[in-house]
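Colleague: mmCIF, C-alpha atoms, file final-v3.cif:
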```cif
data_input
loop_
_atom_site.label_atom_id
_atom_site.label_comp_id
_atom_site.auth_asym_id
_atom_site.auth_seq_id
_atom_site.Cartn_x
_atom_site.Cartn_y
_atom_site.Cartn_z
CA MET A 3 189.59 -12.47 41.71
CA ARG A 4 191.39 -13.42 44.94
CA ASN A 5 193.07 -10.79 47.08
CA ALA A 6 195.94 -11.83 49.37
CA SER A 7 197.36 -9.91 52.32
CA THR A 8 199.06 -10.42 55.67
CA VAL A 9 197.24 -9.07 58.71
CA THR A 10 199.38 -8.15 61.72
CA ALA A 11 198.29 -6.72 65.03
CA ASP A 12 198.98 -7.29 68.71
CA ALA A 13 199.29 -11.12 69.08
CA VAL A 14 198.04 -11.57 65.50
CA VAL A 15 199.78 -12.79 62.35
CA ALA A 16 197.44 -14.01 59.61
CA ASP A 17 197.61 -14.70 55.90
CA LEU A 18 194.28 -13.66 54.42
CA GLU A 19 192.93 -14.68 51.03
CA SER A 20 189.60 -13.31 49.95
CA PRO A 21 187.40 -13.13 46.84
CA ASP A 22 186.04 -9.72 45.92
CA ASP A 23 182.62 -10.45 47.47
CA PRO A 24 183.13 -13.19 50.10
CA VAL A 25 180.18 -15.29 51.23
CA GLY A 26 181.69 -15.70 54.69
CA LEU A 27 184.91 -15.69 56.69
CA ILE A 28 186.84 -18.74 57.94
CA VAL A 29 189.73 -18.40 60.43
CA LEU A 30 191.98 -21.46 60.76
CA ALA A 31 194.74 -22.23 63.27
CA HIS A 32 197.53 -24.76 62.74
CA GLY A 33 198.46 -27.95 64.57
CA ALA A 34 200.99 -28.24 67.40
CA GLY A 35 204.08 -28.85 65.27
CA SER A 36 203.22 -26.57 62.39
CA ASP A 37 202.39 -23.00 61.45
CA ARG A 38 200.09 -21.05 59.15
CA GLN A 39 202.06 -22.24 56.10
CA SER A 40 201.16 -25.92 56.65
CA VAL A 41 200.20 -27.90 53.57
CA LEU A 42 196.81 -28.80 55.04
CA LEU A 43 195.83 -25.21 55.80
CA ARG A 44 196.95 -24.13 52.34
CA VAL A 45 194.95 -26.91 50.68
CA LEU A 46 191.85 -26.07 52.71
CA SER A 47 192.26 -22.36 51.98
CA GLU A 48 192.53 -22.94 48.24
CA SER A 49 189.38 -25.04 48.16
CA LEU A 50 187.37 -22.77 50.44
CA THR A 51 188.31 -19.53 48.68
CA GLY A 52 187.30 -21.27 45.47
CA ARG A 53 183.80 -21.53 46.96
CA GLY A 54 183.71 -17.82 47.75
CA PHE A 55 184.89 -17.76 51.37
CA ALA A 56 187.55 -15.46 52.74
CA VAL A 57 190.08 -17.59 54.64
CA ALA A 58 192.65 -16.47 57.20
CA ARG A 59 195.45 -18.85 58.20
CA ILE A 60 196.84 -17.70 61.54
CA ASP A 61 199.97 -18.32 63.59
CA LEU A 62 199.11 -18.99 67.21
CA PRO A 63 200.95 -16.87 69.80
CA TYR A 64 203.36 -19.65 70.80
CA ARG A 65 204.43 -20.03 67.17
CA GLN A 66 204.94 -16.29 66.85
CA GLN A 67 207.32 -16.48 69.79
CA ARG A 68 209.43 -19.37 68.44
CA PRO A 69 209.62 -20.94 64.98
CA LYS A 70 209.78 -24.55 66.14
CA GLY A 71 208.66 -26.75 68.99
CA PRO A 72 205.34 -27.75 70.56
CA PRO A 73 203.01 -25.48 72.51
CA SER A 74 203.21 -25.34 76.29
CA PRO A 75 200.07 -26.48 78.17
CA SER A 76 200.59 -23.56 80.55
CA LYS A 77 200.26 -21.11 77.64
CA ALA A 78 197.11 -22.60 76.07
CA ALA A 79 194.93 -19.77 77.40
CA ALA A 80 197.20 -17.28 75.63
CA ASP A 81 196.75 -19.22 72.39
CA ARG A 82 192.98 -18.96 72.80
CA ASP A 83 193.35 -15.23 73.37
CA GLY A 84 195.34 -15.14 70.14
CA ILE A 85 192.49 -16.83 68.27
CA ARG A 86 190.04 -14.27 69.63
CA ALA A 87 192.33 -11.41 68.65
CA ALA A 88 192.82 -12.87 65.17
CA VAL A 89 189.08 -13.19 64.59
CA GLY A 90 188.59 -9.57 65.58
CA ALA A 91 191.48 -8.30 63.45
CA VAL A 92 190.53 -10.27 60.35
CA ARG A 93 186.83 -9.42 60.59
CA SER A 94 187.75 -5.75 60.32
CA GLU A 95 189.53 -6.55 57.03
CA VAL A 96 186.73 -8.54 55.38
CA ASP A 97 183.51 -6.99 54.11
CA THR A 98 180.91 -9.74 54.32
CA ASN A 99 177.45 -10.36 55.72
CA GLY A 100 178.14 -14.09 55.71
CA PRO A 101 178.90 -16.31 58.68
CA VAL A 102 182.14 -16.30 60.64
CA ILE A 103 183.58 -19.80 61.09
CA VAL A 104 186.60 -20.54 63.26
CA GLY A 105 188.61 -23.72 63.75
CA GLY A 106 191.78 -25.44 62.65
CA GLN A 107 193.93 -28.52 62.66
CA SER A 108 194.42 -30.69 65.76
CA TYR A 109 195.75 -28.43 68.57
CA GLY A 110 194.62 -25.29 66.78
CA GLY A 111 191.12 -26.67 66.36
CA ARG A 112 190.98 -27.81 69.96
CA GLN A 113 191.93 -24.34 71.21
CA ALA A 114 189.37 -22.79 68.84
CA SER A 115 186.70 -25.13 70.18
CA MET A 116 187.56 -24.17 73.76
CA ALA A 117 187.44 -20.47 72.85
CA VAL A 118 183.98 -20.97 71.32
CA ALA A 119 182.87 -22.92 74.39
CA GLU A 120 183.96 -19.98 76.54
CA ASP A 121 182.23 -17.44 74.27
CA SER A 122 179.66 -18.58 71.72
CA THR A 123 179.57 -15.09 70.16
CA LEU A 124 183.12 -15.58 68.84
CA ALA A 125 181.88 -17.46 65.76
CA ASP A 126 178.77 -18.70 64.01
CA GLY A 127 180.29 -22.09 63.20
CA LEU A 128 183.22 -24.34 64.08
CA LEU A 129 185.43 -26.31 61.65
CA LEU A 130 187.60 -28.95 63.34
CA THR A 131 190.08 -30.98 61.29
CA SER A 132 191.77 -33.94 63.02
CA TYR A 133 190.40 -33.01 66.44
CA PRO A 134 192.77 -34.67 68.98
CA LEU A 135 190.09 -36.51 70.92
CA HIS A 136 192.68 -38.21 73.12
CA PRO A 137 196.44 -38.90 73.05
CA PRO A 138 197.27 -41.95 70.93
CA GLY A 139 196.65 -45.13 72.90
CA LYS A 140 195.08 -43.25 75.83
CA SER A 141 191.34 -43.23 75.17
CA GLU A 142 190.69 -42.75 78.89
CA LYS A 143 192.04 -39.20 78.55
CA ALA A 144 189.29 -37.91 76.29
CA ARG A 145 189.26 -34.14 75.73
CA THR A 146 185.52 -33.68 75.94
CA GLU A 147 184.82 -31.61 79.07
CA HIS A 148 183.98 -28.43 77.15
CA LEU A 149 181.88 -29.97 74.37
CA PRO A 150 178.47 -29.34 76.03
CA GLN A 151 179.24 -25.61 76.02
CA ILE A 152 179.77 -25.53 72.24
CA THR A 153 176.48 -24.28 70.78
CA PRO A 154 177.40 -23.13 67.23
CA PRO A 155 177.16 -25.84 64.54
CA THR A 156 180.35 -27.91 64.21
CA LEU A 157 181.88 -29.83 61.32
CA ILE A 158 184.47 -32.44 62.34
CA VAL A 159 186.78 -33.67 59.57
CA HIS A 160 188.30 -36.99 60.65
CA GLY A 161 190.77 -39.37 59.04
CA ARG A 162 189.64 -42.97 59.43
CA SER A 163 193.18 -44.02 60.43
CA ASP A 164 193.67 -41.23 62.98
CA ALA A 165 195.37 -42.51 66.14
CA PHE A 166 193.93 -39.61 68.13
CA GLY A 167 190.40 -41.06 67.93
CA THR A 168 188.49 -43.80 66.13
CA SER A 169 185.39 -43.29 64.05
CA ALA A 170 183.34 -45.04 66.74
CA GLU A 171 184.75 -42.77 69.43
CA PHE A 172 183.88 -39.68 67.43
CA ALA A 173 180.37 -40.96 66.78
CA ALA A 174 179.96 -41.47 70.53
CA ILE A 175 180.88 -37.89 71.46
CA ILE A 176 178.59 -36.15 68.98
CA PRO A 177 175.64 -36.11 71.43
CA MET A 178 177.84 -34.29 73.96
CA PHE A 179 177.91 -31.09 71.91
CA GLY A 180 175.51 -28.31 72.73
CA GLY A 181 174.79 -27.64 69.06
CA GLN A 182 174.47 -29.43 65.74
CA VAL A 183 177.41 -31.60 64.66
CA ARG A 184 178.35 -33.38 61.43
CA LEU A 185 181.20 -35.89 61.13
CA LEU A 186 183.01 -35.98 57.79
CA GLU A 187 185.27 -39.01 57.44
CA ILE A 188 188.22 -39.04 55.07
CA GLU A 189 189.13 -42.49 53.77
CA LYS A 190 192.73 -43.72 53.91
CA ALA A 191 193.80 -40.69 55.93
CA ASP A 192 195.59 -40.44 59.27
CA HIS A 193 195.97 -37.49 61.66
CA SER A 194 197.68 -35.46 58.92
CA LEU A 195 194.66 -36.00 56.62
CA ARG A 196 197.19 -36.48 53.78
CA PRO A 197 196.09 -33.25 52.09
CA THR A 198 197.85 -33.80 48.78
CA ARG A 199 196.39 -37.29 48.25
CA SER A 200 193.12 -37.68 50.15
CA GLY A 201 190.98 -35.02 48.47
CA VAL A 202 190.31 -33.45 51.88
CA GLY A 203 190.31 -29.92 50.43
CA PRO A 204 187.36 -30.16 48.04
CA THR A 205 185.56 -32.68 50.26
CA THR A 206 185.72 -30.32 53.21
CA ALA A 207 184.73 -27.34 51.03
CA ASP A 208 181.66 -29.29 49.86
CA ALA A 209 180.60 -29.93 53.46
CA VAL A 210 181.20 -26.32 54.50
CA GLU A 211 179.26 -24.96 51.53
CA ASP A 212 176.39 -27.47 51.75
CA TRP A 213 175.94 -27.77 55.53
CA LEU A 214 178.19 -25.79 57.86
CA ALA A 215 177.78 -22.33 56.32
CA PRO A 216 173.95 -22.58 56.04
CA ALA A 217 173.73 -23.93 59.60
CA ALA A 218 176.00 -21.11 60.81
CA ARG A 219 173.75 -18.54 59.14
CA GLU A 220 170.73 -20.04 60.88
CA PHE A 221 172.56 -20.08 64.20
CA ARG A 222 173.49 -16.41 63.88
CA ALA A 223 169.93 -15.48 62.95
CA SER A 224 168.58 -17.33 65.99
CA ARG A 225 170.63 -15.38 68.51
#
```
Represent the structure from my file as structure tokens, please.

Modeller:
Amino acid sequence: MRNASTVTADAVVADLESPDDPVGLIVLAHGAGSDRQSVLLRVLSESLTGRGFAVARIDLPYRQQRPKGPPSPSKAAADRDGIRAAVGAVRSEVDTNGPVIVGGQSYGGRQASMAVAEDSTLADGLLLTSYPLHPPGKSEKARTEHLPQITPPTLIVHGRSDAFGTSAEFAAIIPMFGGQVRLLEIEKADHSLRPTRSGVGPTTADAVEDWLAPAAREFRASR
């Protein structure tokens, strides 16, 4: 049985779906032009809850303040604070001894990765879908400065046609991370990952169940 609820607190709005006895908790943030109701986050949530995980889809603080429009670079730190607050609020709602995994799509995943780099105790694992490695056509502006500070295990879900980074570029940055990393490539998918056609939901759930969650449990036990 799946239980659904909306968690609200200071700087937190999250839709939480959870089985009766979850094997872990996954907190996902949306991309720059979207919100917690995005098709991708819903597809991922359905597949992951089907494997026994509790999943919270969160609205970042900038999206709580206005329903449309991109985030402001000057407010990125506040969005990271919102991710931290959401993790804390949702954890109090979920009864599990399993790992806590945080991440999200594009901008949301990037901010989650920076929050984990700043504080490795925030999560036991990191799930990044369509990480925006660099702006399209501007590979010289790679967003990699914080990667060495990321020590929890990380799963990167990447569309082979993503303009924000090629497969070769992602393969090249894997050694920069401070922890274990796996790259999951989705065929015939761009930055959106084409969630209704690419099979990204079950494919990602397979990788989380088979590798990321076990690695996150080991990481937590090692601390």

Colleague: Between A:Ala11, A:Val183, A:Ala191, A:Ala34, which residue has the minimum interatomic distance to Gln113 (chain A), considering only C-alpha atoms?

Modeller: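 Of all the options, A:Ala34 lies closest to Gln113 (chain A).
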
Colleague: Point out the residue among A:Lys70, A:His148, A:His193, A:Lys140 with the least atom-to-atom distance to Phe179 (chain A), counting only C-alpha atoms.

Modeller: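 Going through A:Lys70, A:His148, A:His193, A:Lys140 one by one, the smallest distance to Phe179 (chain A) is for A:His148.
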
Colleague: Give me, as a PyMOL selection string, all polymer residues having an atom no more than 10 Å from Gly161 (chain A), counting all atoms listed in the file and skipping those fewer than 2 positions away in the same chain.

Modeller: chain A and resi 131-133+158-159+163-169+186-196+200+202

Colleague: Calculate how many Å separate CA of Ser49 (chain A) from CA of Ala207 (chain A), rounding to one decimal.

Modeller: 5.9 Å

Colleague: Could you work out how far CA of Arg219 (chain A) lies from CA of Gly100 (chain A), giving the answer in Å with one decimal?

Modeller: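 So the answer is 7.1 Å.
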
Colleague: For the PyMOL selection byres ((chain A and resi 31) around 9), applied here, can you spell out every residue it catches as a ChimeraX atom specification?

Modeller: /A:29-30,32-33,37-38,43,58-62,85,104-111,113-114

Colleague: Save out the residues we just selected, C-alpha atoms, as a PDB file, keeping the file's coordinate frame.

Modeller:
```pdb
ATOM      1  CA  VAL A  29     189.730 -18.400  60.430  1.00  0.00           C
ATOM      2  CA  LEU A  30     191.980 -21.460  60.760  1.00  0.00           C
ATOM      3  CA  HIS A  32     197.530 -24.760  62.740  1.00  0.00           C
ATOM      4  CA  GLY A  33     198.460 -27.950  64.570  1.00  0.00           C
ATOM      5  CA  ASP A  37     202.390 -23.000  61.450  1.00  0.00           C
ATOM      6  CA  ARG A  38     200.090 -21.050  59.150  1.00  0.00           C
ATOM      7  CA  LEU A  43     195.830 -25.210  55.800  1.00  0.00           C
ATOM      8  CA  ALA A  58     192.650 -16.470  57.200  1.00  0.00           C
ATOM      9  CA  ARG A  59     195.450 -18.850  58.200  1.00  0.00           C
ATOM     10  CA  ILE A  60     196.840 -17.700  61.540  1.00  0.00           C
ATOM     11  CA  ASP A  61     199.970 -18.320  63.590  1.00  0.00           C
ATOM     12  CA  LEU A  62     199.110 -18.990  67.210  1.00  0.00           C
ATOM     13  CA  ILE A  85     192.490 -16.830  68.270  1.00  0.00           C
ATOM     14  CA  VAL A 104     186.600 -20.540  63.260  1.00  0.00           C
ATOM     15  CA  GLY A 105     188.610 -23.720  63.750  1.00  0.00           C
ATOM     16  CA  GLY A 106     191.780 -25.440  62.650  1.00  0.00           C
ATOM     17  CA  GLN A 107     193.930 -28.520  62.660  1.00  0.00           C
ATOM     18  CA  SER A 108     194.420 -30.690  65.760  1.00  0.00           C
ATOM     19  CA  TYR A 109     195.750 -28.430  68.570  1.00  0.00           C
ATOM     20  CA  GLY A 110     194.620 -25.290  66.780  1.00  0.00           C
ATOM     21  CA  GLY A 111     191.120 -26.670  66.360  1.00  0.00           C
ATOM     22  CA  GLN A 113     191.930 -24.340  71.210  1.00  0.00           C
ATOM     23  CA  ALA A 114     189.370 -22.790  68.840  1.00  0.00           C
TER      24      ALA A 114
END
```

Colleague: In terms of the shortest atom-to-atom distance over all atoms listed in the file, which of A:Thr205, A:Gln151, A:Ser141, A:Thr146 is closest to Ala119 (chain A)?

Modeller: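 Using all atoms listed in the file, Ala119 (chain A) sits closest to A:Gln151.
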
Colleague: Could you model N, CA and C atoms for region 73-109 of chain A and present them as an mmCIF file, in the coordinates of the input?

Modeller:
```cif
data_model
loop_
_atom_site.group_PDB
_atom_site.id
_atom_site.type_symbol
_atom_site.label_atom_id
_atom_site.label_comp_id
_atom_site.auth_asym_id
_atom_site.auth_seq_id
_atom_site.Cartn_x
_atom_site.Cartn_y
_atom_site.Cartn_z
ATOM 1 N N PRO A 73 203.549 -26.468 71.579
ATOM 2 C CA PRO A 73 203.010 -25.480 72.510
ATOM 3 C C PRO A 73 203.166 -25.958 73.954
ATOM 4 N N SER A 74 203.142 -25.025 74.860
ATOM 5 C CA SER A 74 203.210 -25.340 76.290
ATOM 6 C C SER A 74 201.783 -25.366 76.855
ATOM 7 N N PRO A 75 201.425 -26.440 77.585
ATOM 8 C CA PRO A 75 200.070 -26.480 78.170
ATOM 9 C C PRO A 75 199.776 -25.259 79.041
ATOM 10 N N SER A 76 200.802 -24.714 79.664
ATOM 11 C CA SER A 76 200.590 -23.560 80.550
ATOM 12 C C SER A 76 200.262 -22.286 79.775
ATOM 13 N N LYS A 77 200.523 -22.303 78.457
ATOM 14 C CA LYS A 77 200.260 -21.110 77.640
ATOM 15 C C LYS A 77 199.037 -21.283 76.726
ATOM 16 N N ALA A 78 198.261 -22.347 76.948
ATOM 17 C CA ALA A 78 197.110 -22.600 76.070
ATOM 18 C C ALA A 78 196.097 -21.467 76.122
ATOM 19 N N ALA A 79 195.886 -20.879 77.291
ATOM 20 C CA ALA A 79 194.930 -19.770 77.400
ATOM 21 C C ALA A 79 195.374 -18.589 76.538
ATOM 22 N N ALA A 80 196.690 -18.364 76.474
ATOM 23 C CA ALA A 80 197.200 -17.280 75.630
ATOM 24 C C ALA A 80 196.963 -17.577 74.157
ATOM 25 N N ASP A 81 197.048 -18.859 73.778
ATOM 26 C CA ASP A 81 196.750 -19.220 72.390
ATOM 27 C C ASP A 81 195.283 -18.978 72.070
ATOM 28 N N ARG A 82 194.404 -19.247 73.021
ATOM 29 C CA ARG A 82 192.980 -18.960 72.800
ATOM 30 C C ARG A 82 192.745 -17.449 72.683
ATOM 31 N N ASP A 83 193.452 -16.693 73.500
ATOM 32 C CA ASP A 83 193.350 -15.230 73.370
ATOM 33 C C ASP A 83 193.823 -14.788 71.987
ATOM 34 N N GLY A 84 194.853 -15.468 71.469
ATOM 35 C CA GLY A 84 195.340 -15.140 70.140
ATOM 36 C C GLY A 84 194.313 -15.429 69.065
ATOM 37 N N ILE A 85 193.560 -16.502 69.230
ATOM 38 C CA ILE A 85 192.490 -16.830 68.270
ATOM 39 C C ILE A 85 191.418 -15.740 68.309
ATOM 40 N N ARG A 86 191.047 -15.334 69.506
ATOM 41 C CA ARG A 86 190.040 -14.270 69.630
ATOM 42 C C ARG A 86 190.528 -12.972 68.974
ATOM 43 N N ALA A 87 191.777 -12.640 69.234
ATOM 44 C CA ALA A 87 192.330 -11.410 68.650
ATOM 45 C C ALA A 87 192.381 -11.517 67.132
ATOM 46 N N ALA A 88 192.742 -12.692 66.624
ATOM 47 C CA ALA A 88 192.820 -12.870 65.170
ATOM 48 C C ALA A 88 191.450 -12.730 64.526
ATOM 49 N N VAL A 89 190.433 -13.308 65.136
ATOM 50 C CA VAL A 89 189.080 -13.190 64.590
ATOM 51 C C VAL A 89 188.682 -11.718 64.508
ATOM 52 N N GLY A 90 188.946 -10.980 65.581
ATOM 53 C CA GLY A 90 188.590 -9.570 65.580
ATOM 54 C C GLY A 90 189.352 -8.782 64.527
ATOM 55 N N ALA A 91 190.662 -9.043 64.401
ATOM 56 C CA ALA A 91 191.480 -8.300 63.450
ATOM 57 C C ALA A 91 191.099 -8.615 62.006
ATOM 58 N N VAL A 92 190.848 -9.879 61.724
ATOM 59 C CA VAL A 92 190.530 -10.270 60.350
ATOM 60 C C VAL A 92 189.124 -9.809 59.963
ATOM 61 N N ARG A 93 188.200 -9.872 60.907
ATOM 62 C CA ARG A 93 186.830 -9.420 60.590
ATOM 63 C C ARG A 93 186.832 -7.969 60.132
ATOM 64 N N SER A 94 187.715 -7.165 60.703
ATOM 65 C CA SER A 94 187.750 -5.750 60.320
ATOM 66 C C SER A 94 188.307 -5.562 58.909
ATOM 67 N N GLU A 95 188.947 -6.618 58.362
ATOM 68 C CA GLU A 95 189.530 -6.550 57.030
ATOM 69 C C GLU A 95 188.623 -7.109 55.944
ATOM 70 N N VAL A 96 187.568 -7.824 56.347
ATOM 71 C CA VAL A 96 186.730 -8.540 55.380
ATOM 72 C C VAL A 96 185.315 -7.960 55.397
ATOM 73 N N ASP A 97 184.860 -7.534 54.250
ATOM 74 C CA ASP A 97 183.510 -6.990 54.110
ATOM 75 C C ASP A 97 182.567 -8.100 53.673
ATOM 76 N N THR A 98 181.846 -8.672 54.633
ATOM 77 C CA THR A 98 180.910 -9.740 54.320
ATOM 78 C C THR A 98 179.771 -9.760 55.325
ATOM 79 N N ASN A 99 178.595 -10.128 54.844
ATOM 80 C CA ASN A 99 177.450 -10.360 55.720
ATOM 81 C C ASN A 99 177.285 -11.843 56.021
ATOM 82 N N GLY A 100 178.220 -12.653 55.510
ATOM 83 C CA GLY A 100 178.140 -14.090 55.710
ATOM 84 C C GLY A 100 178.614 -14.520 57.084
ATOM 85 N N PRO A 101 178.539 -15.800 57.359
ATOM 86 C CA PRO A 101 178.900 -16.310 58.680
ATOM 87 C C PRO A 101 180.399 -16.262 58.929
ATOM 88 N N VAL A 102 180.755 -16.196 60.200
ATOM 89 C CA VAL A 102 182.140 -16.300 60.640
ATOM 90 C C VAL A 102 182.347 -17.690 61.220
ATOM 91 N N ILE A 103 183.288 -18.429 60.660
ATOM 92 C CA ILE A 103 183.580 -19.800 61.090
ATOM 93 C C ILE A 103 185.025 -19.838 61.567
ATOM 94 N N VAL A 104 185.254 -20.450 62.706
ATOM 95 C CA VAL A 104 186.600 -20.540 63.260
ATOM 96 C C VAL A 104 186.938 -22.006 63.486
ATOM 97 N N GLY A 105 188.221 -22.332 63.508
ATOM 98 C CA GLY A 105 188.610 -23.720 63.750
ATOM 99 C C GLY A 105 190.070 -23.929 63.437
ATOM 100 N N GLY A 106 190.398 -25.148 62.991
ATOM 101 C CA GLY A 106 191.780 -25.440 62.650
ATOM 102 C C GLY A 106 192.115 -26.894 62.800
ATOM 103 N N GLN A 107 193.405 -27.169 62.646
ATOM 104 C CA GLN A 107 193.930 -28.520 62.660
ATOM 105 C C GLN A 107 194.402 -28.923 64.058
ATOM 106 N N SER A 108 193.939 -30.073 64.530
ATOM 107 C CA SER A 108 194.420 -30.690 65.760
ATOM 108 C C SER A 108 194.445 -29.687 66.928
ATOM 109 N N TYR A 109 195.644 -29.351 67.439
ATOM 110 C CA TYR A 109 195.750 -28.430 68.570
ATOM 111 C C TYR A 109 195.059 -27.107 68.297
#
```
